[in-house]
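In what follows, a structure is listed as structure tokens, so that the remarks can point back to it.
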Amino acid sequence: MRPTATVLVYSDDANTREQVRLAAGRRPAADVPQVAFLECATLPAVLDALDRGGVDVCVLDGESVPAGGMGVCRQIKDEVFACPPVLLLIGRPQDAWLATWSRADAAVTLPVEPVGFADALASLLRRRLAVGA
């Protein structure tokens with residue numbers, strides 16, 4: 001097993017980024033590596049981080065302003081070669097269809113519910129690490 005997996009967290013809200021870190025903890029599941037978080041508050045920072053590489057999963061806040069996570073997700077799925085899986089944070093369950101439109105690999109609602117979030121993140125990490133193996 002790899003020593004760490006890098007999780008990019010995009011939100012303009014520092015509290016949302018903190019919720020993600022706390023919900024995931026050091027390791028979201030026993031069978032995935034520990035996670036290192038790369039926090040981004042702007043779209044240019046997200047694109048720069050993805051250009052550098054090494055990101056295993058992206059967590060994008062659909063409620064971010066001015067560039068919402070849904071639009072960012074669709075953009076990176078179109079523009080980033082071998083784009084990492086995306087976990088989208090949506091404002092309400094009825095927005096799940098928008099997560100599908102954005103091509104997110106999974107979606108959870110805000111505020112972040114720790115068990116559901118950790119399960120979704122671990123699932124995406126397993127998938128990404130299995131592809132990379």
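Each chain of the structure tokens is named A, B, ... in the order shown, its residues numbered from 1; ligands are numbered from 1 in display order.
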_12 Å contact set for Gly116 (chain A), only C-alpha atoms, chain neighbours under 2 positions out, as a PyMOL selection string_ = chain A and resi 20+23-24+28-29+87+89+106-114+118-123
*asked:* Excluding Glu79 (chain A) and its own-chain neighbours fewer than 4 positions away, which residues fall within 12 Å of it when counting only C-alpha atoms? Please give them as a count of residues only.
replied: 9
*Work out how far CA of Asn15 (chain A) is from CA of Glu63 (chain A), in Å to one decimal.*
12.5 Å
_Restricting the calculation to only C-alpha atoms: of A:Val46, A:Pro66, A:Phe117, A:Leu8, which residue gets closest to Leu22 (chain A)?_
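Nearest candidate to Leu22 (chain A) out of A:Val46, A:Pro66, A:Phe117, A:Leu8: A:Phe117.
Residues of region 75-116 of chain A that DSSP places in alpha helix (DSSP H), based on the backbone of this structure, are Gln75, Ile76, Lys77, Asp78, Glu79, Ala96, Trp97, Leu98, Ala99, Thr100, Trp101, Pro114, Val115 and Gly116 of chain A.
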Residues within 10 Å of Leu38 (chain A), please, as a PDB file with C-alpha atoms, in the first residue's frame. Count only C-alpha atoms; anything in the same chain fewer than 6 positions from it doesn't count.
```pdb
ATOM      1  CA  THR A   6      -3.289  13.192  -2.065  1.00  0.00           C
ATOM      2  CA  VAL A   7      -6.796  14.626  -1.833  1.00  0.00           C
ATOM      3  CA  LEU A   8      -7.381  18.041  -3.390  1.00  0.00           C
ATOM      4  CA  VAL A   9     -10.126  19.959  -1.559  1.00  0.00           C
ATOM      5  CA  TYR A  10     -11.634  22.929  -3.392  1.00  0.00           C
ATOM      6  CA  ARG A  17     -12.525  22.572   3.781  1.00  0.00           C
ATOM      7  CA  VAL A  46      -7.079  23.867  -8.614  1.00  0.00           C
ATOM      8  CA  ALA A  49      -2.382  21.666  -8.704  1.00  0.00           C
ATOM      9  CA  VAL A  55      -3.628  14.279  -7.038  1.00  0.00           C
ATOM     10  CA  CYS A  58     -10.634  15.811  -5.936  1.00  0.00           C
TER      11      CYS A  58
END
```
_For the structure I just gave you, how does DSSP split chain A - specifically, which residues are strand (DSSP E)? Reply as a list in words._
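Checking each residue of chain A, the strand (DSSP E) ones are Thr4, Ala5, Thr6, Val7, Leu8, Val9, Tyr10, Gln34, Val35, Ala36, Phe37, Leu38, Glu39, Cys40, Val57, Cys58, Val59, Leu60, Asp61, Val86, Leu87, Leu88, Leu89, Ile90, Ala106, Ala107, Val108 and Thr109 of chain A.
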*Would you please work out which residue, of A:Val131, A:Ala14, A:Leu60, A:Ala5, is nearest to Phe37 (chain A) when using only C-alpha atoms?*
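Checking each candidate against Phe37 (chain A), we get A:Ala5 as the closest.
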*Expressed in Å to a single decimal, how great is the separation between CA of Ile90 (chain A) and CA of Arg52 (chain A)?*
26.7 Å
_What does the structure give for the distance between CA of Gly53 (chain A) and CA of Ser102 (chain A), in Å to one decimal?_
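Going from CA of Gly53 (chain A) over to CA of Ser102 (chain A), I get 21.3 Å.
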